[in-house]
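Visitor: Below is the structure I would like to discuss, written out as structure tokens.
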Amino acid sequence: ERTEQSILRVSNLEKRFGGIVAVDGASFEIERETITGLIGPNGAGKSTAFNLITGVYKPDGGSVYFQGEDVTELRPNQLVDRGLVRTFQLSRELAGMTVLENMLLAFGEQLGESLWRSILPGARRSVVHQERELLDRAWEILELFELDHLAHEDAANLSGGQRKLLELSRALLTEPSLLLLDEPMAGVNPTLEKKLLARLHELRSQGYTFLIVEHDMDVIMNNCETVIVMHQGQVLSRGSPEAIQEDERVIDAYLGG
Ligand code: ADP
Ligand code: MG
């Protein structure tokens with residue numbers, strides 16, 4: 001039963017690094033089937049918040065609720081099992097492997113046993129059959145992002161923008177319900193950016209939810225239903241792009257640093 005409107009809720013989240021308070025009592029909610037933007041000046045705590053939500057860091061205080069469940073103590077792979085996934089930058093080691101191999105490797109790395117089973121219902125089916133389904137989905141996603149013609153290409157030969165698409169494709173293969181994207185448009189050319197955004201909107205209308213950290217304000221303001229603004233580890237403001245752009249506190253935070 002999912003009566004909660006929000007897919008994710010963080011409450012009084014705190015994270016310190018020595019004397020630095022990176023996240024200082026942040027609370028916010030992400031509504032289902034939205035593209036929500038997380039913005040704020042450098043050092044505001046956005047990346048730390050991402051790492052807290054996805055289990056990379058343990059918070060010093062506060063809680064993370066996903067689909068109504070307290071997931072604060074869970075590890076990243078346990079969160080992936082539940083459908084909470086972030087994109088990871090392709091590491092150098094993965095060059096030398098093809099685009100398709102990168103997809104399948106990500107699946108093995110990120111997933112725990114339980115998702116492997118839940119994702120492919122009817123556990124009696126043969127492993128061969130299951131691998132077939134996984135491969136079919138990998139191809140579908142590569143087609144969606146127009147990477148299918150590059151499937152057997154060394155991932156090292158991809159452009160910066162294509163690498164971003166592959167990062168997103170890898171995350172999508174795990175069938176997440178909430179995807180956290182850290183600067184998905186960095187290094188992506190305008191043509192590819194338009195396509196990528198169109199895909200995000202399609203996926204959103206199919207039931208996916210996105211939380212995006214992005215420096216490009218036009219991307220945020222033109223594509224997000226809701227924008228959350230962090231400043232000095234706290235949530236300064238949350239609202240529609242229109243409301244955020246007129247919020248004096250937000251303007252001050254960006255101008256005042
Ligand atoms: P943003 O992503 O909004 O730029 P961050 O979450 O990266 O902000 O950083 C928030 C604050 O925490 C900054 O002052 C940053 O220097 C500090 N910080 C982030 N990560 C670490 C870390 N691993 N060790 C020490 N300080 C950190
Ligand atoms: Mg950051």
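Every chain in the structure tokens has a letter given in the order shown (A, B, ...), and although residue numbers restart at 1 in each chain, ligands are simply numbered from 1 in the order shown.
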Hey, what's within 10 Å of Ala44 of chain A if we count only C-alpha atoms and toss same-chain stuff fewer than 4 positions away? As a list in words, please?

Guide: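 After dropping sequence-adjacent residues, the list is Ala22, Val23, Asp24, Ile39, Gly40, Thr48, Ala49, Val229, Met230, His231, Gln232, Gly233, Gln234, Val235, Ala253 and Gly257 of chain A.
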
Visitor: Excluding segment 57-63 of chain A and any residue of its chain fewer than 2 positions from it, enumerate the residues within 6 Å of it, using only C-alpha atoms, and give them as number ranges by chain.

Guide: A: 10-15, 51-52, 55, 72

Visitor: Which of these, A:Leu135, A:Leu172, A:Leu196, A:Leu100, has the shortest distance to His149 of chain A once you count only C-alpha atoms?

Guide: A:Leu100

Visitor: If you run DSSP on the backbone, which residues of segment 29-250 of chain A are strand (DSSP E or B), as number ranges by chain?

Guide: A: 29-31, 35-39, 61-66, 69-70, 84-86, 98, 154, 178-182, 209-213, 226-231, 234-239

Visitor: List every residue of chain A that has an atom at most 10 Å from any atom of ligand 2, giving for each one its closest atom pair and the distance in Å to one decimal, counting only C-alpha atoms and all ligand atoms, sorted by chain and then by ascending residue number, as JSON lines.

Guide:
```
{"residue": "A:Ile39", "atom": "CA", "partner": "ligand 2", "partner_atom_place_in_ligand_line": "1 (Mg)", "distance": 9.6}
{"residue": "A:Gly40", "atom": "CA", "partner": "ligand 2", "partner_atom_place_in_ligand_line": "1 (Mg)", "distance": 9.3}
{"residue": "A:Pro41", "atom": "CA", "partner": "ligand 2", "partner_atom_place_in_ligand_line": "1 (Mg)", "distance": 9.2}
{"residue": "A:Asn42", "atom": "CA", "partner": "ligand 2", "partner_atom_place_in_ligand_line": "1 (Mg)", "distance": 6.8}
{"residue": "A:Gly43", "atom": "CA", "partner": "ligand 2", "partner_atom_place_in_ligand_line": "1 (Mg)", "distance": 6.8}
{"residue": "A:Ala44", "atom": "CA", "partner": "ligand 2", "partner_atom_place_in_ligand_line": "1 (Mg)", "distance": 8.0}
{"residue": "A:Gly45", "atom": "CA", "partner": "ligand 2", "partner_atom_place_in_ligand_line": "1 (Mg)", "distance": 6.9}
{"residue": "A:Lys46", "atom": "CA", "partner": "ligand 2", "partner_atom_place_in_ligand_line": "1 (Mg)", "distance": 5.5}
{"residue": "A:Ser47", "atom": "CA", "partner": "ligand 2", "partner_atom_place_in_ligand_line": "1 (Mg)", "distance": 4.1}
{"residue": "A:Thr48", "atom": "CA", "partner": "ligand 2", "partner_atom_place_in_ligand_line": "1 (Mg)", "distance": 7.3}
{"residue": "A:Ala49", "atom": "CA", "partner": "ligand 2", "partner_atom_place_in_ligand_line": "1 (Mg)", "distance": 9.2}
{"residue": "A:Phe50", "atom": "CA", "partner": "ligand 2", "partner_atom_place_in_ligand_line": "1 (Mg)", "distance": 8.9}
{"residue": "A:Asp182", "atom": "CA", "partner": "ligand 2", "partner_atom_place_in_ligand_line": "1 (Mg)", "distance": 7.8}
{"residue": "A:Glu183", "atom": "CA", "partner": "ligand 2", "partner_atom_place_in_ligand_line": "1 (Mg)", "distance": 8.8}
{"residue": "A:Val213", "atom": "CA", "partner": "ligand 2", "partner_atom_place_in_ligand_line": "1 (Mg)", "distance": 8.0}
{"residue": "A:Glu214", "atom": "CA", "partner": "ligand 2", "partner_atom_place_in_ligand_line": "1 (Mg)", "distance": 9.2}
{"residue": "A:His215", "atom": "CA", "partner": "ligand 2", "partner_atom_place_in_ligand_line": "1 (Mg)", "distance": 9.5}
```

Visitor: From the options A:Leu168, A:Leu178, A:Met97, A:Ile53, which residue's atoms come nearest to Pro76 of chain A, counting only C-alpha atoms?

Guide: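 Smallest distance to Pro76 of chain A is found for A:Ile53.
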
Visitor: For the atom pair atom CA of Ala156 of chain A and atom CA of Gly83 of chain A, what is the interatomic distance in Å to one decimal place?

Guide: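 Going from atom CA of Ala156 of chain A over to atom CA of Gly83 of chain A covers 28.5 Å.
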
Visitor: Find the residues around segment 30-36 of chain A up to 12 Å (only C-alpha atoms counted), leave out those fewer than 5 positions away in its own chain, and share them as an mmCIF file with N, CA, C and O atoms, in the first residue's frame.

Guide:
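File written: result-v2.cif
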```
data_model
loop_
_atom_site.group_PDB
_atom_site.id
_atom_site.type_symbol
_atom_site.label_atom_id
_atom_site.label_comp_id
_atom_site.auth_asym_id
_atom_site.auth_seq_id
_atom_site.Cartn_x
_atom_site.Cartn_y
_atom_site.Cartn_z
ATOM 1 N N ARG A 2 0.632 2.137 -0.932
ATOM 2 C CA ARG A 2 1.450 3.352 -1.013
ATOM 3 C C ARG A 2 0.547 4.570 -1.011
ATOM 4 O O ARG A 2 0.155 5.067 -2.055
ATOM 5 N N THR A 3 0.229 5.004 0.189
ATOM 6 C CA THR A 3 -0.646 6.162 0.283
ATOM 7 C C THR A 3 0.157 7.462 0.305
ATOM 8 O O THR A 3 -0.366 8.512 0.004
ATOM 9 N N GLU A 4 1.443 7.349 0.671
ATOM 10 C CA GLU A 4 2.250 8.566 0.763
ATOM 11 C C GLU A 4 2.395 9.215 -0.602
ATOM 12 O O GLU A 4 2.673 8.562 -1.594
ATOM 13 N N GLN A 5 2.227 10.515 -0.600
ATOM 14 C CA GLN A 5 2.404 11.277 -1.825
ATOM 15 C C GLN A 5 3.883 11.324 -2.220
ATOM 16 O O GLN A 5 4.235 11.260 -3.381
ATOM 17 N N SER A 6 4.730 11.404 -1.184
ATOM 18 C CA SER A 6 6.153 11.549 -1.481
ATOM 19 C C SER A 6 6.815 10.184 -1.580
ATOM 20 O O SER A 6 6.479 9.259 -0.850
ATOM 21 N N ILE A 7 7.758 10.075 -2.512
ATOM 22 C CA ILE A 7 8.518 8.833 -2.663
ATOM 23 C C ILE A 7 9.705 8.839 -1.709
ATOM 24 O O ILE A 7 10.121 7.796 -1.214
ATOM 25 N N LEU A 8 10.227 10.050 -1.455
ATOM 26 C CA LEU A 8 11.377 10.191 -0.561
ATOM 27 C C LEU A 8 11.116 11.313 0.438
ATOM 28 O O LEU A 8 10.580 12.360 0.076
ATOM 29 N N ARG A 9 11.493 11.058 1.684
ATOM 30 C CA ARG A 9 11.405 12.114 2.686
ATOM 31 C C ARG A 9 12.660 12.072 3.530
ATOM 32 O O ARG A 9 13.037 11.009 4.026
ATOM 33 N N VAL A 10 13.353 13.194 3.630
ATOM 34 C CA VAL A 10 14.491 13.261 4.543
ATOM 35 C C VAL A 10 14.133 14.226 5.660
ATOM 36 O O VAL A 10 13.478 15.242 5.437
ATOM 37 N N SER A 11 14.534 13.848 6.840
ATOM 38 C CA SER A 11 14.118 14.583 8.021
ATOM 39 C C SER A 11 15.331 14.910 8.882
ATOM 40 O O SER A 11 16.030 14.008 9.348
ATOM 41 N N ILE A 53 21.518 10.144 1.150
ATOM 42 C CA ILE A 53 20.281 9.513 0.675
ATOM 43 C C ILE A 53 20.562 8.135 0.090
ATOM 44 O O ILE A 53 19.787 7.201 0.277
ATOM 45 N N VAL A 64 16.162 9.033 6.656
ATOM 46 C CA VAL A 64 15.769 8.985 5.250
ATOM 47 C C VAL A 64 14.644 7.961 5.121
ATOM 48 O O VAL A 64 14.788 6.812 5.568
ATOM 49 N N TYR A 65 13.520 8.387 4.563
ATOM 50 C CA TYR A 65 12.401 7.475 4.325
ATOM 51 C C TYR A 65 12.184 7.347 2.831
ATOM 52 O O TYR A 65 12.053 8.350 2.125
ATOM 53 N N PHE A 66 12.155 6.101 2.361
ATOM 54 C CA PHE A 66 11.917 5.838 0.948
ATOM 55 C C PHE A 66 10.696 4.944 0.831
ATOM 56 O O PHE A 66 10.624 3.912 1.487
ATOM 57 N N GLN A 67 9.728 5.336 0.044
ATOM 58 C CA GLN A 67 8.465 4.596 -0.077
ATOM 59 C C GLN A 67 7.852 4.341 1.299
ATOM 60 O O GLN A 67 7.297 3.266 1.555
ATOM 61 N N GLY A 68 8.004 5.308 2.193
ATOM 62 C CA GLY A 68 7.417 5.187 3.522
ATOM 63 C C GLY A 68 8.227 4.359 4.510
ATOM 64 O O GLY A 68 7.867 4.266 5.682
ATOM 65 N N SER A 177 12.899 3.192 -9.023
ATOM 66 C CA SER A 177 11.739 4.083 -9.055
ATOM 67 C C SER A 177 12.176 5.519 -8.803
ATOM 68 O O SER A 177 11.533 6.449 -9.266
ATOM 69 N N LEU A 178 13.275 5.695 -8.067
ATOM 70 C CA LEU A 178 13.837 7.042 -7.876
ATOM 71 C C LEU A 178 15.293 7.047 -8.312
ATOM 72 O O LEU A 178 16.093 6.233 -7.858
ATOM 73 N N LEU A 179 15.606 7.956 -9.217
ATOM 74 C CA LEU A 179 16.966 8.081 -9.741
ATOM 75 C C LEU A 179 17.555 9.424 -9.359
ATOM 76 O O LEU A 179 16.944 10.455 -9.608
ATOM 77 N N LEU A 180 18.725 9.402 -8.762
ATOM 78 C CA LEU A 180 19.418 10.638 -8.420
ATOM 79 C C LEU A 180 20.512 10.880 -9.450
ATOM 80 O O LEU A 180 21.370 10.012 -9.661
ATOM 81 N N LEU A 181 20.468 12.037 -10.077
ATOM 82 C CA LEU A 181 21.433 12.350 -11.131
ATOM 83 C C LEU A 181 22.284 13.540 -10.702
ATOM 84 O O LEU A 181 21.760 14.621 -10.430
ATOM 85 N N LEU A 197 16.878 15.259 -22.165
ATOM 86 C CA LEU A 197 15.771 15.833 -21.388
ATOM 87 C C LEU A 197 14.433 15.264 -21.831
ATOM 88 O O LEU A 197 13.563 14.965 -21.008
ATOM 89 N N ALA A 198 14.274 15.097 -23.142
ATOM 90 C CA ALA A 198 13.025 14.508 -23.653
ATOM 91 C C ALA A 198 12.836 13.098 -23.092
ATOM 92 O O ALA A 198 11.727 12.715 -22.702
ATOM 93 N N ARG A 199 13.941 12.324 -23.037
ATOM 94 C CA ARG A 199 13.864 10.963 -22.486
ATOM 95 C C ARG A 199 13.474 11.000 -21.006
ATOM 96 O O ARG A 199 12.673 10.195 -20.544
ATOM 97 N N LEU A 200 14.064 11.953 -20.271
ATOM 98 C CA LEU A 200 13.738 12.051 -18.836
ATOM 99 C C LEU A 200 12.249 12.318 -18.646
ATOM 100 O O LEU A 200 11.600 11.714 -17.790
ATOM 101 N N HIS A 201 11.693 13.211 -19.476
ATOM 102 C CA HIS A 201 10.260 13.508 -19.360
ATOM 103 C C HIS A 201 9.410 12.282 -19.711
ATOM 104 O O HIS A 201 8.404 12.017 -19.055
ATOM 105 N N GLU A 202 9.828 11.533 -20.739
ATOM 106 C CA GLU A 202 9.118 10.296 -21.094
ATOM 107 C C GLU A 202 9.126 9.314 -19.930
ATOM 108 O O GLU A 202 8.093 8.747 -19.572
ATOM 109 N N LEU A 203 10.317 9.114 -19.371
ATOM 110 C CA LEU A 203 10.460 8.159 -18.274
ATOM 111 C C LEU A 203 9.647 8.615 -17.063
ATOM 112 O O LEU A 203 9.019 7.810 -16.379
ATOM 113 N N ARG A 204 9.642 9.905 -16.833
ATOM 114 C CA ARG A 204 8.846 10.458 -15.734
ATOM 115 C C ARG A 204 7.367 10.125 -15.935
ATOM 116 O O ARG A 204 6.689 9.677 -15.018
ATOM 117 N N SER A 205 6.897 10.279 -17.152
ATOM 118 C CA SER A 205 5.475 9.999 -17.382
ATOM 119 C C SER A 205 5.177 8.497 -17.329
ATOM 120 O O SER A 205 4.022 8.099 -17.218
ATOM 121 N N GLN A 206 6.234 7.673 -17.392
ATOM 122 C CA GLN A 206 6.049 6.226 -17.216
ATOM 123 C C GLN A 206 6.113 5.812 -15.749
ATOM 124 O O GLN A 206 6.012 4.628 -15.421
ATOM 125 N N GLY A 207 6.371 6.789 -14.864
ATOM 126 C CA GLY A 207 6.348 6.461 -13.442
ATOM 127 C C GLY A 207 7.662 6.634 -12.705
ATOM 128 O O GLY A 207 7.731 6.420 -11.500
ATOM 129 N N TYR A 208 8.711 6.997 -13.415
ATOM 130 C CA TYR A 208 9.988 7.230 -12.739
ATOM 131 C C TYR A 208 9.975 8.595 -12.050
ATOM 132 O O TYR A 208 9.285 9.518 -12.481
ATOM 133 N N THR A 209 10.786 8.697 -11.001
ATOM 134 C CA THR A 209 10.991 9.977 -10.315
ATOM 135 C C THR A 209 12.473 10.322 -10.375
ATOM 136 O O THR A 209 13.322 9.431 -10.224
ATOM 137 N N PHE A 210 12.768 11.593 -10.625
ATOM 138 C CA PHE A 210 14.166 12.021 -10.731
ATOM 139 C C PHE A 210 14.473 13.142 -9.752
ATOM 140 O O PHE A 210 13.682 14.080 -9.599
ATOM 141 N N LEU A 211 15.625 13.042 -9.121
ATOM 142 C CA LEU A 211 16.175 14.158 -8.345
ATOM 143 C C LEU A 211 17.497 14.531 -9.009
ATOM 144 O O LEU A 211 18.387 13.687 -9.158
ATOM 145 N N ILE A 212 17.604 15.790 -9.418
ATOM 146 C CA ILE A 212 18.734 16.212 -10.241
ATOM 147 C C ILE A 212 19.505 17.349 -9.598
ATOM 148 O O ILE A 212 18.923 18.376 -9.227
ATOM 149 N N VAL A 213 20.812 17.160 -9.450
ATOM 150 C CA VAL A 213 21.697 18.284 -9.133
ATOM 151 C C VAL A 213 22.295 18.748 -10.449
ATOM 152 O O VAL A 213 22.860 17.943 -11.199
ATOM 153 N N GLU A 214 22.111 20.002 -10.769
ATOM 154 C CA GLU A 214 22.586 20.509 -12.062
ATOM 155 C C GLU A 214 22.920 21.995 -11.920
ATOM 156 O O GLU A 214 22.143 22.754 -11.336
ATOM 157 N N VAL A 219 18.333 24.508 -17.401
ATOM 158 C CA VAL A 219 17.892 23.113 -17.373
ATOM 159 C C VAL A 219 16.960 22.893 -16.183
ATOM 160 O O VAL A 219 15.888 22.306 -16.309
ATOM 161 N N ILE A 220 17.367 23.381 -15.024
ATOM 162 C CA ILE A 220 16.553 23.207 -13.805
ATOM 163 C C ILE A 220 15.201 23.918 -13.964
ATOM 164 O O ILE A 220 14.142 23.329 -13.758
ATOM 165 N N MET A 221 15.258 25.182 -14.337
ATOM 166 C CA MET A 221 14.036 25.992 -14.345
ATOM 167 C C MET A 221 13.053 25.556 -15.440
ATOM 168 O O MET A 221 11.849 25.710 -15.291
ATOM 169 N N ASN A 222 13.560 25.006 -16.538
ATOM 170 C CA ASN A 222 12.679 24.615 -17.639
ATOM 171 C C ASN A 222 12.183 23.173 -17.548
ATOM 172 O O ASN A 222 11.326 22.770 -18.335
ATOM 173 N N ASN A 223 12.732 22.382 -16.638
ATOM 174 C CA ASN A 223 12.387 20.964 -16.642
ATOM 175 C C ASN A 223 11.895 20.401 -15.315
ATOM 176 O O ASN A 223 11.374 19.293 -15.281
ATOM 177 N N CYS A 224 12.073 21.152 -14.238
ATOM 178 C CA CYS A 224 11.694 20.624 -12.924
ATOM 179 C C CYS A 224 10.343 21.173 -12.493
ATOM 180 O O CYS A 224 10.049 22.344 -12.690
ATOM 181 N N GLU A 225 9.531 20.309 -11.890
ATOM 182 C CA GLU A 225 8.266 20.770 -11.307
ATOM 183 C C GLU A 225 8.539 21.511 -10.012
ATOM 184 O O GLU A 225 7.867 22.474 -9.665
ATOM 185 N N THR A 226 9.505 20.964 -9.267
ATOM 186 C CA THR A 226 9.824 21.505 -7.953
ATOM 187 C C THR A 226 11.330 21.697 -7.853
ATOM 188 O O THR A 226 12.094 20.887 -8.376
ATOM 189 N N VAL A 227 11.725 22.773 -7.204
ATOM 190 C CA VAL A 227 13.136 23.037 -6.986
ATOM 191 C C VAL A 227 13.380 23.185 -5.492
ATOM 192 O O VAL A 227 12.639 23.894 -4.798
ATOM 193 N N ILE A 228 14.401 22.473 -5.014
ATOM 194 C CA ILE A 228 14.803 22.581 -3.612
ATOM 195 C C ILE A 228 16.130 23.329 -3.596
ATOM 196 O O ILE A 228 17.049 22.975 -4.338
ATOM 197 N N VAL A 229 16.216 24.363 -2.769
ATOM 198 C CA VAL A 229 17.446 25.155 -2.705
ATOM 199 C C VAL A 229 18.141 24.909 -1.383
ATOM 200 O O VAL A 229 17.552 25.126 -0.315
ATOM 201 N N ARG A 238 11.909 25.849 -1.084
ATOM 202 C CA ARG A 238 11.418 24.752 -1.914
ATOM 203 C C ARG A 238 10.150 25.238 -2.596
ATOM 204 O O ARG A 238 9.273 25.797 -1.936
ATOM 205 N N GLY A 239 10.066 25.071 -3.917
ATOM 206 C CA GLY A 239 8.860 25.522 -4.600
ATOM 207 C C GLY A 239 8.973 25.358 -6.102
ATOM 208 O O GLY A 239 9.900 24.722 -6.601
ATOM 209 N N SER A 240 8.026 25.960 -6.805
ATOM 210 C CA SER A 240 8.048 25.908 -8.259
ATOM 211 C C SER A 240 9.222 26.743 -8.758
ATOM 212 O O SER A 240 9.712 27.627 -8.047
ATOM 213 N N PRO A 241 9.691 26.477 -9.989
ATOM 214 C CA PRO A 241 10.779 27.292 -10.537
ATOM 215 C C PRO A 241 10.462 28.784 -10.491
ATOM 216 O O PRO A 241 11.340 29.590 -10.168
#
```

Visitor: Based on the backbone DSSP call, show me all residues of segment 121-183 of chain A assigned helix (DSSP H, G or I), as a count of residues only.

Guide: 38
